[in-house]
Amino acid sequence: MTQPAENQPQQGVVSLAQSSPTVGTFRERDGGLEWSGRQETLRIEPWGPDAVRVRSRLGGPILEGLPGALLESPPATSSTVKIEDGRGRLTVGTLTVEVDAEGLVRFLRTEDSAELLAEARAHFWWPGSRLYTAVGNGHHRLEQRFAAYDDEKLYGLGQHQHGRLDQKGLVLDLVQRNAEVGIPVLSSSRGYTLLWNNPAIGRVELAHNGTRWVADSARQIDYWITAGAPADGQRRYSAVTGRTPMMPEWAAGFWQCKLRYRTQDELLAVAREYKRRGLPISAIVCDFFHWTHLGDWKFDLSEWPDPGAMVRELEELGIKLVVSVWPSVSPLSENHQLMEQRGYFIGTQYGPMAHADWPDKEVASTVQVAFYDATNPEARDFMWSRVRDNYLIPYGITAFWLDACEPELKPGFSENLRYWAGPGLEVGNSYPAENARTFHEGLTAEGEEVITLNRSAWAGSQRYGAALWSGDIGTDFPTLRRQIAAGLNTALSGIPWWNTDIGGFHGGDPDDEAYREVMVRWFQFGALSPLMRLHGFRDPGMPLGPEMTGGPNEVWSYGEEAGAILERYLRLRERLKPYVLQVMREAHEEGLPPMRPLFLEFPEDHAAWSVDDAYLFGGDLLVAPVLTAGATARTTYLPAGATWTDAWTGETYEGGTTVTVDAPLDRIPLFLRDGARLPVAE
């Protein structure tokens with residue numbers, strides 16, 4: 001059905017301030033609504049219950065098959081399209097989309113027509129709400145503008161180290177960097193969740209005079225939006241981008257790690273000591289430089305002489321071995337020449353193939369390493385074949401740590417990169433998700449459970465079994481404080497499996513009393529995180545290179561008093577494993593994250609939207625980490641609509657109040673919701 005807007009009996013109002021206002025044409029197409037005018041095509045389609053996908057392009061029809069996070073087929077849903085009075089309307093459940101004659105879009109709550117979000121012009125003359133600035137070869141610098149609302153709070157957008165939970169007022173680069181993970185998913189207090197379905201390098205500006213999404217170079221605007229409270233948004237978003245697999249049972253326990261165990265004997269000695277002391281441990285990590293050359297993806301047998309025997313002993317101890325795998329390939333690697341000839345590396349528009357300098361074995365200086373192109377299906381297959389043949393088949397290793405997977409380029413100049421999937425500016429943010437896909441597809445084909453530990457992620461990474469950690473961060477209380485917001489915003493970005501290096505990464509002296517306090521408080525937080533993993537580059541460190549290691553980083557490394565507390569929280573995590581796995585099943589089946597901001601469970605409590613230093617672990621346990629040095633008490637808000645019981649003392653509080661409880665060094669304040677029974681106290 002085609003209806004020119006100018007033939008409508010009541011023409012939608014156009015701006016007389018414009019020199020030549022656009023009057024577009026509406027069509028109903030395949031259950032969706034399409035508007036066209038001034039060589040621009042705008043298409044709005046149902047994309048799951050209460051949700052639509054919006055795409056727009058200048059200079060031709062909407063393109064299919066471009067890189068993005070959405071699954072190929074949306075969940076089936078009913079919708080209605082109505083075109084009259086110079087306007088088009090598409091209704092999908094609780095969401096109604098209205099388009100006026102000039103192509104401006106508004107998103108409304110169906111039941112009362114309340115505005116959730118609306119496009120806004122940059123200026124009454126020019127440009128409009130959508131701007132396409134040509135950068136050559138059919139690509140544009142894209143801008144999508146929306147109105148700003150004074151009372152709006154905005155959450156999500158991946159993992160950042162700015163320490164803010166509500167990100168209204170911030171400008172954030174959409175790019176992947178160590179400890180800064182761009183995932184373009186936004187949840188609003190106004191009742192919508194939006195995915196900017198575009199892996200292009202760019203930024204989002206959440207200003208008080210408008211919101212603007214920018215892609216530096218792409219072919220069309222593409223985003224998805226759903227109506228509803230944040231929990232509904234998480235369910236809808238995970239349904240269209242893919243839900244996480246069920247977490248393997250072993251992964252819910254404690255992971256031991258440090259930078260780094262240099263030999264098989266070192267690693268086994270630590271594993272044996274945990275068991276000798278009767279301490280719970282589920283996994284131990286074999287970090288970088290265990291390989292012959294970077295990109296060989298195999299053990300150096302001079303340092304790891306019998307990996308098979310090591311894996312068998314660890315299995316007898318009930319410990320899973322996790323092995324570090326990097327996407328970079330040294331020119332000394334046995335795989336480099338073949339991969340270069342077959343075009344399996346990320347290319348460049350100008351200059352040589354190398355993308356980073358890195359130390360390698362058998363050379364005195366750094367070498368220039370390339371990165372396999374995870375957007376290329378053949379490159380993924382080849383990379384997995386090496387991992388499979390060198391780790392899985394001979395030794396049964398199925399758990400991998402995907403480090404430096406931004407990828408860690410030097411310099412990080414995306415405009416010069418050329419991927420199989422497209423130019424670097426257009427597709428660069430998708431790399432970590434595609435890298436996780438390599439391992440998901442490979443492990444799934446072998447009939448194995450899937451979990452990988454990743455330093456970066458993008459929208460949809462969760463469907464590949466990717467766990468994210470917060471990267472190479474500091475080792476002090478302010479850094480610990482920032483991780484609460486980082487973890488909660490990651491959770492609202494669709495990534496349920498998240499953790500930090502317990503104790504931070506860069507430094508930390510195990511013999512320093514001040515740092516021991518940091519470690520104790522961080523360890524308590526880690527025990528109540530989705531994944532619990534101890535890691536770090538402790539003092540005294542060594543220069544970067546194949547011989548490097550850091551100081552000790554086991555629970556007994558921090559003295560008798562601190563060590564006893566760490567052991568206590570190891571045992572707490574072990575007691576809570578059934579609950580952790582229950583919460584992980586909710587992530588797998590419903591898309592709800594384990595680590596939840598208070599407003600996810602209590603959206604009607606206005607005060608809950610501002611709490612950025614406490615969180616819910618699942619639906620039943622409120623966690624209030626101690627985040628300052630020397631503190632022996634903790635004040636926290638308990639949401640209205642529930643009764644809360646101090647898990648340590650049994651004292652009960654009504655919700656909607658702020659309470660102060662004792663928090664000596666050996667206690668993290670925990671509160672049980674509405675009589676929930678969890679084995680917190682010993």
# chains A, B, ... in the order shown; residues from 1 in each chain; ligands from 1

$ residues_around --residues "region 260-273 of chain A" --least-positions-apart "4" --cutoff "6 Å" --atoms "only C-alpha atoms" --output "number ranges by chain"
A: 287, 303-304, 549

$ select_by_dssp --residues "region 152-319 of chain A" --states "strand (DSSP E or B)" --output "MDAnalysis selection string"
chainID A and resid 154:159 171:174 176:177 180:188 192:196 202:207 210:218 221:227 254:256 283:286 291 299

$ residues_around --residues "Ala614 (chain A)" --least-positions-apart "6" --cutoff "12 Å" --atoms "only C-alpha atoms" --output "PDB file with N, CA and C atoms, in the first residue's frame"
ATOM      1  N   LEU A 165      27.181   5.258  37.436  1.00  0.00           N
ATOM      2  CA  LEU A 165      26.130   4.316  37.066  1.00  0.00           C
ATOM      3  C   LEU A 165      25.165   4.983  36.098  1.00  0.00           C
ATOM      4  N   ARG A 481      35.905   0.924  43.974  1.00  0.00           N
ATOM      5  CA  ARG A 481      34.614   1.624  43.979  1.00  0.00           C
ATOM      6  C   ARG A 481      34.052   1.747  42.559  1.00  0.00           C
ATOM      7  N   ARG A 482      34.897   2.022  41.583  1.00  0.00           N
ATOM      8  CA  ARG A 482      34.435   2.200  40.207  1.00  0.00           C
ATOM      9  C   ARG A 482      33.934   0.895  39.588  1.00  0.00           C
ATOM     10  N   GLN A 483      34.392  -0.236  40.112  1.00  0.00           N
ATOM     11  CA  GLN A 483      33.992  -1.510  39.509  1.00  0.00           C
ATOM     12  C   GLN A 483      32.518  -1.835  39.748  1.00  0.00           C
ATOM     13  N   ILE A 484      31.905  -1.265  40.781  1.00  0.00           N
ATOM     14  CA  ILE A 484      30.490  -1.542  41.026  1.00  0.00           C
ATOM     15  C   ILE A 484      29.665  -1.017  39.849  1.00  0.00           C
ATOM     16  N   ALA A 485      29.884   0.240  39.485  1.00  0.00           N
ATOM     17  CA  ALA A 485      29.163   0.811  38.341  1.00  0.00           C
ATOM     18  C   ALA A 485      29.542   0.100  37.049  1.00  0.00           C
ATOM     19  N   GLY A 487      30.424  -3.022  36.616  1.00  0.00           N
ATOM     20  CA  GLY A 487      29.753  -4.306  36.547  1.00  0.00           C
ATOM     21  C   GLY A 487      28.260  -4.180  36.305  1.00  0.00           C
ATOM     22  N   LEU A 488      27.618  -3.208  36.934  1.00  0.00           N
ATOM     23  CA  LEU A 488      26.180  -3.041  36.761  1.00  0.00           C
ATOM     24  C   LEU A 488      25.835  -2.567  35.356  1.00  0.00           C
ATOM     25  N   PHE A 525      33.976  -8.708  47.684  1.00  0.00           N
ATOM     26  CA  PHE A 525      33.188  -8.333  46.504  1.00  0.00           C
ATOM     27  C   PHE A 525      33.273  -9.422  45.439  1.00  0.00           C
ATOM     28  N   LEU A 528      31.020 -12.372  45.725  1.00  0.00           N
ATOM     29  CA  LEU A 528      29.620 -12.095  45.397  1.00  0.00           C
ATOM     30  C   LEU A 528      29.499 -11.476  44.012  1.00  0.00           C
ATOM     31  N   SER A 529      30.431 -11.803  43.118  1.00  0.00           N
ATOM     32  CA  SER A 529      30.389 -11.400  41.719  1.00  0.00           C
ATOM     33  C   SER A 529      29.948 -12.593  40.872  1.00  0.00           C
ATOM     34  N   MET A 595      24.174  -9.973  38.387  1.00  0.00           N
ATOM     35  CA  MET A 595      24.494  -8.752  39.127  1.00  0.00           C
ATOM     36  C   MET A 595      23.516  -7.677  38.676  1.00  0.00           C
ATOM     37  N   ARG A 596      22.657  -7.219  39.588  1.00  0.00           N
ATOM     38  CA  ARG A 596      21.529  -6.380  39.200  1.00  0.00           C
ATOM     39  C   ARG A 596      21.511  -5.066  39.971  1.00  0.00           C
ATOM     40  N   PRO A 597      21.354  -3.948  39.274  1.00  0.00           N
ATOM     41  CA  PRO A 597      21.093  -2.704  40.006  1.00  0.00           C
ATOM     42  C   PRO A 597      19.772  -2.831  40.746  1.00  0.00           C
ATOM     43  N   LEU A 598      19.630  -2.117  41.838  1.00  0.00           N
ATOM     44  CA  LEU A 598      18.442  -2.267  42.668  1.00  0.00           C
ATOM     45  C   LEU A 598      17.164  -1.997  41.887  1.00  0.00           C
ATOM     46  N   PHE A 599      17.210  -1.057  40.940  1.00  0.00           N
ATOM     47  CA  PHE A 599      15.985  -0.702  40.230  1.00  0.00           C
ATOM     48  C   PHE A 599      15.539  -1.789  39.257  1.00  0.00           C
ATOM     49  N   ALA A 608      15.774   3.814  44.410  1.00  0.00           N
ATOM     50  CA  ALA A 608      16.608   2.703  43.961  1.00  0.00           C
ATOM     51  C   ALA A 608      17.373   3.032  42.689  1.00  0.00           C
ATOM     52  N   LEU A 621      19.519 -11.573  47.220  1.00  0.00           N
ATOM     53  CA  LEU A 621      20.654 -11.187  48.060  1.00  0.00           C
ATOM     54  C   LEU A 621      21.151  -9.799  47.686  1.00  0.00           C
ATOM     55  N   LEU A 622      21.065  -8.866  48.646  1.00  0.00           N
ATOM     56  CA  LEU A 622      21.578  -7.514  48.433  1.00  0.00           C
ATOM     57  C   LEU A 622      22.996  -7.441  48.994  1.00  0.00           C
ATOM     58  N   VAL A 623      23.921  -6.939  48.177  1.00  0.00           N
ATOM     59  CA  VAL A 623      25.342  -6.890  48.518  1.00  0.00           C
ATOM     60  C   VAL A 623      25.756  -5.426  48.638  1.00  0.00           C
ATOM     61  N   ALA A 624      26.386  -5.082  49.758  1.00  0.00           N
ATOM     62  CA  ALA A 624      26.847  -3.707  50.001  1.00  0.00           C
ATOM     63  C   ALA A 624      28.340  -3.739  50.317  1.00  0.00           C
ATOM     64  N   PRO A 625      29.208  -3.810  49.303  1.00  0.00           N
ATOM     65  CA  PRO A 625      30.649  -3.927  49.554  1.00  0.00           C
ATOM     66  C   PRO A 625      31.196  -2.724  50.320  1.00  0.00           C
ATOM     67  N   VAL A 626      32.214  -2.965  51.105  1.00  0.00           N
ATOM     68  CA  VAL A 626      32.920  -1.887  51.797  1.00  0.00           C
ATOM     69  C   VAL A 626      33.965  -1.338  50.828  1.00  0.00           C
ATOM     70  N   LEU A 627      33.913  -0.030  50.579  1.00  0.00           N
ATOM     71  CA  LEU A 627      34.662   0.552  49.471  1.00  0.00           C
ATOM     72  C   LEU A 627      35.625   1.657  49.899  1.00  0.00           C
ATOM     73  N   ARG A 634      28.919   0.282  57.499  1.00  0.00           N
ATOM     74  CA  ARG A 634      28.489   0.537  56.121  1.00  0.00           C
ATOM     75  C   ARG A 634      27.048   1.000  56.128  1.00  0.00           C
ATOM     76  N   THR A 635      26.793   2.117  55.454  1.00  0.00           N
ATOM     77  CA  THR A 635      25.443   2.635  55.298  1.00  0.00           C
ATOM     78  C   THR A 635      24.954   2.303  53.897  1.00  0.00           C
ATOM     79  N   THR A 636      23.753   1.760  53.805  1.00  0.00           N
ATOM     80  CA  THR A 636      23.224   1.399  52.490  1.00  0.00           C
ATOM     81  C   THR A 636      21.717   1.557  52.479  1.00  0.00           C
ATOM     82  N   TYR A 637      21.171   1.702  51.286  1.00  0.00           N
ATOM     83  CA  TYR A 637      19.726   1.834  51.102  1.00  0.00           C
ATOM     84  C   TYR A 637      19.137   0.462  50.808  1.00  0.00           C
ATOM     85  N   LEU A 638      17.984   0.170  51.446  1.00  0.00           N
ATOM     86  CA  LEU A 638      17.258  -1.072  51.221  1.00  0.00           C
ATOM     87  C   LEU A 638      15.957  -0.734  50.495  1.00  0.00           C
ATOM     88  N   PRO A 639      15.739  -1.289  49.313  1.00  0.00           N
ATOM     89  CA  PRO A 639      14.603  -0.870  48.484  1.00  0.00           C
ATOM     90  C   PRO A 639      13.248  -1.115  49.138  1.00  0.00           C
ATOM     91  N   ILE A 668      31.354  -8.453  54.896  1.00  0.00           N
ATOM     92  CA  ILE A 668      30.719  -7.633  53.865  1.00  0.00           C
ATOM     93  C   ILE A 668      29.228  -7.630  54.155  1.00  0.00           C
ATOM     94  N   PRO A 669      28.593  -6.486  54.277  1.00  0.00           N
ATOM     95  CA  PRO A 669      27.160  -6.461  54.575  1.00  0.00           C
ATOM     96  C   PRO A 669      26.337  -7.145  53.476  1.00  0.00           C
ATOM     97  N   LEU A 670      25.484  -8.070  53.902  1.00  0.00           N
ATOM     98  CA  LEU A 670      24.616  -8.827  53.008  1.00  0.00           C
ATOM     99  C   LEU A 670      23.217  -8.852  53.613  1.00  0.00           C
ATOM    100  N   PHE A 671      22.197  -8.704  52.750  1.00  0.00           N
ATOM    101  CA  PHE A 671      20.819  -8.663  53.210  1.00  0.00           C
ATOM    102  C   PHE A 671      19.966  -9.609  52.371  1.00  0.00           C
TER     103      PHE A 671
END

$ closest_residue --among "A:Trp297, A:Tyr155, A:Trp458, A:Trp291" --to "Ala200 (chain A)" --atoms "only C-alpha atoms"
A:Trp458

$ closest_residue --among "A:Leu570, A:Leu108, A:Val175, A:Leu544" --to "Phe288 (chain A)" --atoms "only C-alpha atoms"
A:Leu544

$ closest_residue --among "A:Gly536, A:Pro75, A:Gly591, A:Gly32" --to "Arg55 (chain A)" --atoms "only C-alpha atoms"
A:Gly32

$ residues_around --residues "Gly460 (chain A)" --least-positions-apart "4" --cutoff "7 Å" --atoms "only C-alpha atoms" --output "VMD selection string"
chain A and resid 69 241 to 242 433

$ residues_around --residues "region 135-149 of chain A" --least-positions-apart "6" --cutoff "8 Å" --atoms "only C-alpha atoms" --output "NGL selection string"
:A and (117-122 or 129 or 206-221)

$ closest_residue --among "A:Gly65, A:Pro530, A:Pro230, A:Pro352" --to "Ala252 (chain A)" --atoms "only C-alpha atoms"
A:Pro530

$ select_by_dssp --residues "region 328-530 of chain A" --states "alpha helix (DSSP H)" --output "ChimeraX atom specification"
/A:336-342,377-387,393-395,424-427,431-445,477-491,513-527

$ closest_residue --among "A:Met542, A:Leu332, A:Leu409, A:Met584" --to "Asn178 (chain A)" --atoms "only C-alpha atoms"
A:Leu409

$ residues_around --residues "Glu604 (chain A)" --least-positions-apart "2" --cutoff "10 Å" --atoms "only C-alpha atoms" --output "PDB file with C-alpha atoms, in the first residue's frame"
ATOM      1  CA  ALA A 229      10.871  -1.587  32.525  1.00  0.00           C
ATOM      2  CA  PHE A 599      15.985  -0.702  40.230  1.00  0.00           C
ATOM      3  CA  LEU A 600      15.977  -3.823  38.056  1.00  0.00           C
ATOM      4  CA  GLU A 601      13.984  -5.589  40.775  1.00  0.00           C
ATOM      5  CA  PHE A 602      12.367  -2.466  42.263  1.00  0.00           C
ATOM      6  CA  HIS A 606      12.447   6.114  42.865  1.00  0.00           C
ATOM      7  CA  ALA A 607      15.382   6.060  45.302  1.00  0.00           C
ATOM      8  CA  ALA A 608      16.608   2.703  43.961  1.00  0.00           C
ATOM      9  CA  TRP A 609      17.519   4.316  40.623  1.00  0.00           C
ATOM     10  CA  PRO A 639      14.603  -0.870  48.484  1.00  0.00           C
ATOM     11  CA  ALA A 640      10.950  -0.350  49.289  1.00  0.00           C
ATOM     12  CA  GLY A 641       8.559  -3.188  48.608  1.00  0.00           C
TER      13      GLY A 641
END

$ closest_residue --among "A:Thr133, A:Ser385, A:Asn429, A:Thr452" --to "Trp196 (chain A)" --atoms "only C-alpha atoms"
A:Asn429

$ residues_around --residues "region 377-384 of chain A" --least-positions-apart "3" --cutoff "6 Å" --atoms "only C-alpha atoms" --output "list in words"
Tyr344, Ala374, Val387, Arg388 and Thr438 of chain A

$ atom_distance --atom1 "CA of His160 (chain A)" --atom2 "CA of Thr490 (chain A)"
8.6 Å

$ atom_distance --atom1 "CA of Leu534 (chain A)" --atom2 "CA of Glu315 (chain A)"
19.9 Å

$ atom_distance --atom1 "CA of Glu561 (chain A)" --atom2 "CA of Leu531 (chain A)"
24.5 Å
